[in-house]
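Just data.csv here, CSV, C-alpha atoms:
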```
chain,number,residue,atom,x,y,z
A,1,MET,CA,277.7,143.7,57.2
A,2,TYR,CA,275.8,142.0,54.4
A,3,VAL,CA,274.9,138.5,53.3
A,4,ALA,CA,276.7,137.6,50.0
A,5,HIS,CA,275.3,134.1,49.7
A,6,LEU,CA,272.5,132.1,51.2
A,7,SER,CA,272.3,128.3,51.1
A,8,LEU,CA,269.3,126.3,52.3
A,9,LEU,CA,268.7,122.6,52.5
A,10,ASP,CA,265.2,121.2,53.6
A,11,PHE,CA,264.4,124.5,55.3
A,12,ARG,CA,260.7,125.3,55.4
A,13,SER,CA,259.5,125.1,51.7
A,14,TYR,CA,263.0,124.8,50.2
A,15,PRO,CA,264.4,121.4,49.3
A,16,SER,CA,267.5,123.4,48.3
A,17,LEU,CA,268.5,126.9,47.6
A,18,GLU,CA,271.7,128.7,46.5
A,19,VAL,CA,271.4,132.4,45.9
A,20,ASP,CA,273.9,135.3,45.8
A,21,PHE,CA,273.1,138.8,47.0
A,22,ASP,CA,274.9,142.2,46.7
A,23,PRO,CA,275.0,144.9,49.3
A,24,GLY,CA,272.3,147.5,49.2
A,25,VAL,CA,268.6,146.9,48.9
A,26,VAL,CA,267.4,143.4,47.9
A,27,ALA,CA,263.7,142.8,47.3
A,28,LEU,CA,262.2,139.3,47.3
A,29,VAL,CA,259.0,139.7,45.3
A,30,GLY,CA,256.3,137.1,44.6
A,31,PRO,CA,252.8,135.9,45.5
A,32,ASN,CA,252.0,134.9,49.0
A,33,GLY,CA,252.9,131.4,50.0
A,34,GLN,CA,255.9,131.1,47.6
A,35,GLY,CA,258.7,131.2,50.3
A,36,LYS,CA,259.7,134.9,50.6
A,37,THR,CA,259.4,135.0,54.3
A,38,ASN,CA,261.0,131.5,54.7
A,39,ALA,CA,264.2,132.8,53.0
A,40,VAL,CA,264.6,135.9,55.2
A,41,GLU,CA,263.6,133.8,58.3
A,42,ALA,CA,266.7,131.7,57.6
A,43,ILE,CA,269.0,134.8,57.7
A,44,GLY,CA,267.3,136.0,60.9
A,45,TYR,CA,267.7,132.5,62.5
A,46,LEU,CA,271.5,132.8,62.4
A,47,ALA,CA,271.4,136.0,64.5
A,48,ALA,CA,270.1,134.3,67.7
A,49,LEU,CA,269.6,130.7,66.8
A,50,THR,CA,265.8,131.0,66.9
A,51,SER,CA,263.1,132.1,64.5
A,52,HIS,CA,261.3,135.4,64.7
A,53,ARG,CA,258.1,133.6,63.7
A,54,VAL,CA,257.9,130.4,65.9
A,55,GLY,CA,259.3,129.4,69.2
A,56,SER,CA,260.5,125.9,68.3
A,57,ASN,CA,262.6,124.4,65.5
A,58,ALA,CA,260.3,121.7,64.3
A,59,PRO,CA,258.3,123.9,61.8
A,60,LEU,CA,261.6,124.9,60.2
A,61,ILE,CA,262.3,121.4,58.9
A,62,ARG,CA,260.7,120.6,55.5
A,63,MET,CA,258.0,118.0,55.7
A,64,GLY,CA,259.5,114.5,55.3
A,65,ALA,CA,263.0,115.6,56.2
A,66,ASP,CA,264.9,114.9,59.4
A,67,ARG,CA,267.1,118.0,59.4
A,68,ALA,CA,267.4,121.4,57.8
A,69,GLY,CA,270.6,123.2,56.9
A,70,ILE,CA,271.4,126.9,56.7
A,71,GLY,CA,274.6,128.3,55.3
A,72,VAL,CA,275.5,132.0,54.9
A,73,THR,CA,278.6,133.8,53.5
A,74,ALA,CA,278.7,137.2,55.1
A,75,ARG,CA,281.0,140.1,54.5
A,76,HIS,CA,281.9,142.7,57.2
A,77,GLY,CA,284.5,145.2,55.9
A,78,GLU,CA,287.4,143.2,54.6
A,79,ARG,CA,286.4,140.0,56.4
A,80,THR,CA,284.5,137.1,54.8
A,81,ILE,CA,282.7,134.9,57.3
A,82,LYS,CA,281.0,131.6,56.4
A,83,VAL,CA,278.6,130.1,58.9
A,84,ALA,CA,276.8,126.8,58.5
A,85,LEU,CA,274.5,124.9,60.9
A,86,GLU,CA,272.0,122.1,61.1
A,87,ILE,CA,268.5,122.2,62.7
A,88,GLY,CA,267.2,118.9,63.8
A,89,SER,CA,264.7,117.3,66.2
A,90,GLY,CA,267.5,115.6,68.0
A,91,ARG,CA,271.0,116.9,69.0
A,92,PRO,CA,272.2,118.9,66.0
A,93,ALA,CA,275.7,118.6,64.5
A,94,PRO,CA,278.1,121.3,65.7
A,95,PRO,CA,278.0,124.4,63.5
A,96,SER,CA,281.0,125.5,61.5
A,97,VAL,CA,282.5,128.9,61.1
A,98,ASN,CA,284.9,129.4,58.2
A,99,GLY,CA,285.0,125.6,57.9
A,100,VAL,CA,286.0,125.0,61.5
A,101,LYS,CA,283.7,122.9,63.6
A,102,GLN,CA,282.6,124.7,66.8
A,103,THR,CA,282.1,123.1,70.2
A,104,ARG,CA,278.6,124.3,70.9
A,105,HIS,CA,275.5,125.1,68.8
A,106,ARG,CA,275.4,128.6,70.3
A,107,ASP,CA,278.9,129.4,68.9
A,108,ALA,CA,277.2,130.3,65.7
A,109,ALA,CA,275.0,133.0,67.3
A,110,GLY,CA,275.6,136.7,66.7
A,111,ILE,CA,278.1,136.3,63.9
A,112,VAL,CA,275.5,137.5,61.4
A,113,ARG,CA,273.5,140.3,63.1
A,114,SER,CA,270.0,141.2,61.8
A,115,VAL,CA,267.0,143.2,62.7
A,116,VAL,CA,263.6,141.9,61.5
A,117,PHE,CA,260.5,144.1,61.2
A,118,GLY,CA,257.3,142.4,60.2
A,119,PRO,CA,253.5,142.5,60.6
A,120,ASP,CA,253.7,140.4,63.7
A,121,ASP,CA,255.6,143.2,65.5
A,122,LEU,CA,252.3,144.7,66.6
A,123,SER,CA,252.4,141.9,69.2
A,124,LEU,CA,255.4,143.8,70.8
A,125,VAL,CA,252.9,146.4,71.8
A,126,LYS,CA,249.5,144.7,71.9
A,127,GLY,CA,250.5,141.1,72.8
A,128,ASP,CA,251.4,139.3,76.0
A,129,PRO,CA,254.6,140.0,77.9
A,130,GLY,CA,256.2,136.9,76.4
A,131,PHE,CA,256.6,138.8,73.1
A,132,ARG,CA,258.5,141.6,74.8
A,133,ARG,CA,260.7,139.2,76.9
A,134,ARG,CA,261.6,137.4,73.6
A,135,PHE,CA,262.5,140.7,72.0
A,136,MET,CA,264.9,141.5,74.8
A,137,ASP,CA,266.4,138.0,74.9
A,138,LEU,CA,267.1,137.9,71.1
A,139,LEU,CA,268.9,141.2,71.4
A,140,LEU,CA,271.0,140.0,74.3
A,141,VAL,CA,272.1,136.9,72.4
A,142,GLN,CA,273.0,138.9,69.3
A,143,ARG,CA,275.2,141.2,71.3
A,144,ASN,CA,276.8,138.4,73.3
A,145,PRO,CA,276.2,134.8,72.3
A,146,ARG,CA,276.9,133.6,75.9
A,147,TRP,CA,273.3,134.6,76.7
A,148,ALA,CA,272.0,131.7,74.6
A,149,GLY,CA,273.6,129.4,77.2
A,150,GLU,CA,272.5,131.5,80.2
A,151,LEU,CA,268.9,131.6,79.0
A,152,GLY,CA,268.9,127.9,78.2
A,153,ASP,CA,270.3,127.1,81.7
A,154,TYR,CA,267.6,129.2,83.3
A,155,GLU,CA,264.9,127.5,81.4
A,156,ARG,CA,266.1,124.1,82.4
A,157,VAL,CA,266.4,125.1,86.1
A,158,ALA,CA,262.9,126.6,86.0
A,159,LYS,CA,261.4,123.4,84.6
A,160,GLN,CA,263.2,121.2,87.1
A,161,ARG,CA,262.2,123.5,90.0
A,162,ALA,CA,258.5,123.6,88.8
A,163,SER,CA,258.5,119.8,88.6
A,164,LEU,CA,259.7,119.6,92.3
A,165,LEU,CA,257.0,122.2,93.3
A,166,LYS,CA,254.3,120.0,91.7
A,167,SER,CA,255.6,116.9,93.6
A,168,LEU,CA,255.5,118.8,96.9
A,169,GLY,CA,252.0,120.1,96.0
A,170,SER,CA,250.8,116.5,95.4
A,171,LEU,CA,252.2,115.4,98.8
A,172,ARG,CA,250.6,118.3,100.6
A,173,ARG,CA,247.2,117.6,99.0
A,174,ALA,CA,247.6,114.0,100.1
A,175,GLY,CA,248.1,115.1,103.7
A,176,ARG,CA,251.8,114.1,103.7
A,177,GLN,CA,254.8,116.1,104.7
A,178,ALA,CA,255.7,118.5,101.8
A,179,GLU,CA,259.3,119.2,102.5
A,180,ASP,CA,262.4,118.6,100.4
A,181,SER,CA,266.0,119.3,101.4
A,182,THR,CA,266.9,120.1,97.8
A,183,MET,CA,264.5,123.0,97.4
A,184,GLU,CA,266.9,125.6,98.7
A,185,VAL,CA,269.4,124.5,96.1
A,186,TRP,CA,266.9,125.0,93.3
A,187,ASP,CA,265.9,128.4,94.9
A,188,ASP,CA,269.5,129.5,94.8
A,189,ARG,CA,270.1,128.4,91.2
A,190,LEU,CA,266.9,130.0,90.0
A,191,ALA,CA,267.7,133.3,91.8
A,192,GLY,CA,271.3,133.3,90.6
A,193,LEU,CA,270.6,132.8,86.9
A,194,GLY,CA,267.5,134.9,87.1
A,195,ALA,CA,269.5,137.8,88.7
A,196,ARG,CA,272.0,137.8,85.8
A,197,ILE,CA,269.3,137.8,83.2
A,198,GLY,CA,267.2,140.4,84.9
A,199,VAL,CA,270.1,142.8,85.4
A,200,ALA,CA,271.2,142.4,81.8
A,201,ARG,CA,267.7,143.0,80.5
A,202,SER,CA,267.4,146.1,82.7
A,203,GLU,CA,270.7,147.5,81.4
A,204,LEU,CA,269.6,146.7,77.8
A,205,VAL,CA,266.3,148.7,78.3
A,206,GLU,CA,268.3,151.6,79.6
A,207,GLN,CA,270.4,151.6,76.4
A,208,LEU,CA,267.4,151.2,74.2
A,209,THR,CA,265.3,154.0,75.7
A,210,PRO,CA,267.0,157.1,74.2
A,211,HIS,CA,267.0,155.6,70.8
A,212,PHE,CA,263.4,154.4,71.2
A,213,THR,CA,262.2,157.8,72.3
A,214,ALA,CA,264.0,159.7,69.5
A,215,ALA,CA,262.8,157.2,66.8
A,216,TYR,CA,259.2,157.5,68.0
A,217,GLN,CA,259.2,161.2,68.0
A,218,ASP,CA,260.7,161.2,64.5
A,219,ILE,CA,258.0,159.0,63.3
A,220,ALA,CA,254.9,160.3,65.1
A,221,GLY,CA,255.9,164.0,65.7
A,222,ALA,CA,254.1,165.9,68.4
A,223,GLY,CA,252.1,163.9,71.0
A,224,PRO,CA,252.5,162.0,74.2
A,225,ALA,CA,256.1,161.0,75.0
A,226,PRO,CA,256.9,157.3,74.8
A,227,GLY,CA,258.8,155.4,77.5
A,228,LEU,CA,260.2,152.0,78.4
A,229,LYS,CA,260.4,150.4,81.8
A,230,TYR,CA,261.7,147.0,82.9
A,231,VAL,CA,259.4,145.6,85.6
A,232,ALA,CA,260.9,142.7,87.6
A,233,SER,CA,258.5,140.2,89.1
A,234,GLY,CA,257.8,140.7,92.7
A,235,GLU,CA,259.1,144.3,92.6
A,236,PRO,CA,257.0,146.8,94.6
A,237,GLU,CA,255.0,149.1,92.4
A,238,GLY,CA,257.0,152.2,91.5
A,239,GLU,CA,260.3,150.8,92.7
A,240,GLY,CA,261.4,150.1,89.1
A,241,ASP,CA,261.3,153.9,88.4
A,242,SER,CA,264.1,154.7,90.8
A,243,ASP,CA,267.7,155.1,89.9
A,244,ALA,CA,268.6,152.7,92.7
A,245,ALA,CA,266.6,149.9,90.9
A,246,LYS,CA,268.4,150.6,87.6
A,247,ARG,CA,271.8,150.3,89.3
A,248,ARG,CA,271.0,147.1,91.2
A,249,THR,CA,273.9,144.7,91.0
A,250,VAL,CA,273.6,141.0,90.3
A,251,GLU,CA,274.2,140.1,93.9
A,252,GLU,CA,271.6,142.6,95.1
A,253,GLU,CA,269.1,141.3,92.6
A,254,LYS,CA,269.7,137.7,93.6
A,255,ALA,CA,269.1,138.6,97.3
A,256,ARG,CA,265.9,140.4,96.3
A,257,LEU,CA,264.7,137.3,94.3
A,258,LEU,CA,265.4,135.0,97.2
A,259,ASP,CA,263.5,137.2,99.6
A,260,VAL,CA,260.5,137.3,97.3
A,261,ILE,CA,260.6,133.5,96.8
A,262,VAL,CA,260.4,133.0,100.5
A,263,GLY,CA,257.1,135.0,100.6
A,264,VAL,CA,255.5,133.1,97.7
A,265,LYS,CA,256.8,129.6,98.4
A,266,ASP,CA,253.4,128.3,99.7
A,267,ARG,CA,251.6,129.6,96.7
A,268,GLU,CA,254.2,128.1,94.4
A,269,ILE,CA,253.8,124.6,96.0
A,270,GLU,CA,250.0,124.9,95.8
A,271,ARG,CA,250.0,125.9,92.1
A,272,GLY,CA,253.1,123.9,91.0
A,273,VAL,CA,254.7,126.9,89.1
A,274,ASN,CA,257.6,129.3,89.6
A,275,LEU,CA,256.0,132.6,90.5
A,276,VAL,CA,259.2,134.7,90.5
A,277,GLY,CA,262.0,135.2,88.0
A,278,PRO,CA,262.7,136.7,84.6
A,279,HIS,CA,260.1,134.4,82.9
A,280,ARG,CA,257.5,136.6,84.6
A,281,ASP,CA,259.1,140.0,84.1
A,282,GLU,CA,257.7,142.7,81.8
A,283,LEU,CA,259.0,145.3,79.4
A,284,GLU,CA,256.4,148.0,79.9
A,285,ILE,CA,255.9,150.3,76.9
A,286,ARG,CA,254.2,153.6,77.8
A,287,LEU,CA,252.7,156.4,75.9
A,288,GLY,CA,252.5,159.5,78.1
A,289,PRO,CA,251.3,158.4,81.6
A,290,MET,CA,249.5,155.3,80.3
A,291,PRO,CA,250.6,151.8,79.2
A,292,ALA,CA,250.5,151.5,75.4
A,293,LYS,CA,248.8,148.1,75.6
A,294,GLY,CA,245.1,148.8,75.7
A,295,TYR,CA,245.5,152.6,75.3
A,296,ALA,CA,247.5,153.2,72.1
A,297,SER,CA,245.7,153.5,68.8
A,298,HIS,CA,246.5,151.2,65.9
A,299,GLY,CA,248.6,153.9,64.3
A,300,GLU,CA,250.4,154.7,67.6
A,301,SER,CA,251.0,150.9,68.2
A,302,TRP,CA,252.7,150.6,64.7
A,303,SER,CA,254.9,153.7,65.5
A,304,LEU,CA,255.9,152.2,68.9
A,305,ALA,CA,256.7,148.8,67.3
A,306,LEU,CA,258.8,150.4,64.6
A,307,ALA,CA,260.6,152.6,67.1
A,308,LEU,CA,261.6,149.5,69.1
A,309,ARG,CA,263.1,148.0,65.9
A,310,LEU,CA,264.9,151.2,65.1
A,311,ALA,CA,266.3,151.3,68.6
A,312,ALA,CA,267.5,147.7,68.2
A,313,PHE,CA,269.2,148.6,64.9
A,314,GLU,CA,271.1,151.4,66.7
A,315,ILE,CA,272.4,149.3,69.5
A,316,LEU,CA,273.4,146.4,67.2
A,317,THR,CA,275.5,148.8,65.0
A,318,ASP,CA,279.0,148.2,66.2
A,319,GLY,CA,281.7,150.7,66.8
A,320,SER,CA,283.6,149.9,63.5
A,321,GLY,CA,280.6,151.2,61.5
A,322,GLY,CA,279.1,147.8,60.7
A,323,THR,CA,275.4,147.7,60.6
A,324,PRO,CA,273.1,144.6,61.1
A,325,VAL,CA,271.3,143.2,58.1
A,326,LEU,CA,267.9,144.9,58.0
A,327,ILE,CA,265.0,142.6,57.1
A,328,LEU,CA,261.6,144.1,56.3
A,329,ASP,CA,259.1,141.4,55.9
A,330,ASP,CA,256.0,142.5,54.0
A,331,VAL,CA,255.6,145.8,55.9
A,332,PHE,CA,255.5,148.6,53.4
A,333,ALA,CA,252.0,147.8,52.3
A,334,GLU,CA,250.9,148.1,56.0
A,335,LEU,CA,252.4,151.6,56.7
A,336,ASP,CA,251.3,155.1,56.0
A,337,ALA,CA,253.6,157.7,54.4
A,338,ALA,CA,255.2,158.9,57.6
A,339,ARG,CA,256.2,155.4,58.8
A,340,ARG,CA,257.4,154.5,55.3
A,341,ASP,CA,259.6,157.5,55.3
A,342,ALA,CA,261.1,156.5,58.7
A,343,LEU,CA,261.9,153.0,57.3
A,344,VAL,CA,263.4,154.4,54.2
A,345,LYS,CA,265.8,156.5,56.3
A,346,MET,CA,266.9,153.4,58.2
A,347,VAL,CA,267.3,151.5,54.9
A,348,ARG,CA,269.7,154.2,53.7
A,349,ARG,CA,271.9,153.6,56.8
A,350,ALA,CA,272.1,149.8,56.5
A,351,GLU,CA,274.7,148.2,54.4
A,352,GLN,CA,272.1,145.6,53.3
A,353,THR,CA,268.4,145.5,53.5
A,354,VAL,CA,266.3,142.5,52.5
A,355,ILE,CA,262.7,143.3,51.8
A,356,THR,CA,259.8,141.0,50.9
A,357,ALA,CA,256.8,142.2,49.0
A,358,ALA,CA,253.9,140.6,47.0
A,359,VAL,CA,254.3,143.1,44.1
A,360,PRO,CA,256.9,145.7,43.1
A,361,ALA,CA,254.3,148.4,43.6
A,362,ASP,CA,254.5,147.8,47.4
A,363,LEU,CA,258.1,149.0,47.4
A,364,PRO,CA,258.9,152.7,47.8
A,365,SER,CA,260.4,153.9,44.5
A,366,ALA,CA,263.2,155.8,46.3
A,367,LEU,CA,264.8,152.5,47.3
A,368,ALA,CA,265.6,151.2,43.7
A,369,PRO,CA,266.1,147.6,44.9
A,370,ALA,CA,267.6,144.7,43.1
A,371,ILE,CA,264.6,142.5,42.4
A,372,TYR,CA,264.6,138.8,43.0
A,373,ARG,CA,261.5,136.8,41.9
A,374,VAL,CA,260.4,134.1,44.3
A,375,GLN,CA,258.2,131.4,42.8
A,376,GLY,CA,257.6,127.7,43.7
A,377,GLY,CA,260.7,127.3,45.9
A,378,THR,CA,263.1,129.1,43.5
A,379,VAL,CA,264.7,132.6,43.9
A,380,SER,CA,266.1,134.2,40.8
A,381,ARG,CA,267.3,137.7,40.1
A,382,ASP,CA,265.5,139.8,37.5
```
Translate this structure into structure tokens?
Amino acid sequence: MYVAHLSLLDFRSYPSLEVDFDPGVVALVGPNGQGKTNAVEAIGYLAALTSHRVGSNAPLIRMGADRAGIGVTARHGERTIKVALEIGSGRPAPPSVNGVKQTRHRDAAGIVRSVVFGPDDLSLVKGDPGFRRRFMDLLLVQRNPRWAGELGDYERVAKQRASLLKSLGSLRRAGRQAEDSTMEVWDDRLAGLGARIGVARSELVEQLTPHFTAAYQDIAGAGPAPGLKYVASGEPEGEGDSDAAKRRTVEEEKARLLDVIVGVKDREIERGVNLVGPHRDELEIRLGPMPAKGYASHGESWSLALALRLAAFEILTDGSGGTPVLILDDVFAELDAARRDALVKMVRRAEQTVITAAVPADLPSALAPAIYRVQGGTVSRD
């Protein structure tokens, strides 16, 4: 797959943009602050209907505008696919696919697949668990857009249940009866949605692991073996390592979550928060017997982050030979020779790679990219 045309309207720093791309390696080159990352962010947004840089849509809308628009013409084999959508503070207009209005916003997800690797990816290893949960969820949505709805439903249920917990906590502190007949309903909804998400993430991690391990060993060579483990909230220590835990069904996971919820309900009411569910799960990245966070060196952390993106690239490559659009956002200047070589190998496999760089010297000469100059909200080919 490759992006043949990108159209932007009031997106980030762009009042408007129309630019054509060819397959192969495309390099957006220009000084910092001119909009290189904004352009590739728009392509990445279409993959999972969220930005790889921020968690909300408000920063994506140009200052002074009410809405932003993204349009992409993509080619996958003999097919041409046109996707257009709006981003707004209110309810956005339905997206269109090949000129046909869709029912839901999420119907545009996953049509254009992409893998983004950038300087912030060190947070996948060194940052809070939220970064790793987000990594898994964006992959789920790209592979099957229905997960955008499931994740949204879970977030709404978790917020409503937390609000009820806070109300019960206030009653308890006031010395009044802290009981609510609807709590069991919210427990069941949280556990049901949470079980589906947790099992899907666990299966995803199983699929990622062999690609992740191979990619890391290719990048780093000899050394401690890397590993991935999905750790569900409330799961006894060590249980996540068992084959039984990996094969847990949705029904079994829901029953486990409900059991754990019973044990923590008093603490949940006291604190007014949901203490169990996929919003508290963790993707543990290990290096040898130790967790990478806090133990891996700076170089090892870069290798682990890059290996995760390489693994994502592998599982997003479909059976017909189509590869996701590979986006490398200002990373070559950060990497040593071994890690640069690993990226160059992946670039050669991708039908299209879009790279950002401050100067052409930051680009490996072996790539021979088509150069696009980015300056003051304009993108033009050399």
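Closest approach to Tyr295 in chain A among A:Pro15, A:Leu151, A:Tyr2, A:Lys126: A:Lys126, based on only C-alpha atoms.
In this structure, CA of Ser114 in chain A sits 13.1 Å away from CA of Met346 in chain A.
If you look at CA of Asp121 in chain A and CA of Met136 in chain A, they are 13.3 Å away from each other.
With CA of Val116 in chain A on one side and CA of Ala158 in chain A on the other, the separation reads 28.9 Å.
Using all atoms listed in the file, the smallest distance between any of A:Leu328, A:Ala225, A:Ala108, A:Leu140 and Leu204 in chain A comes from A:Leu140.
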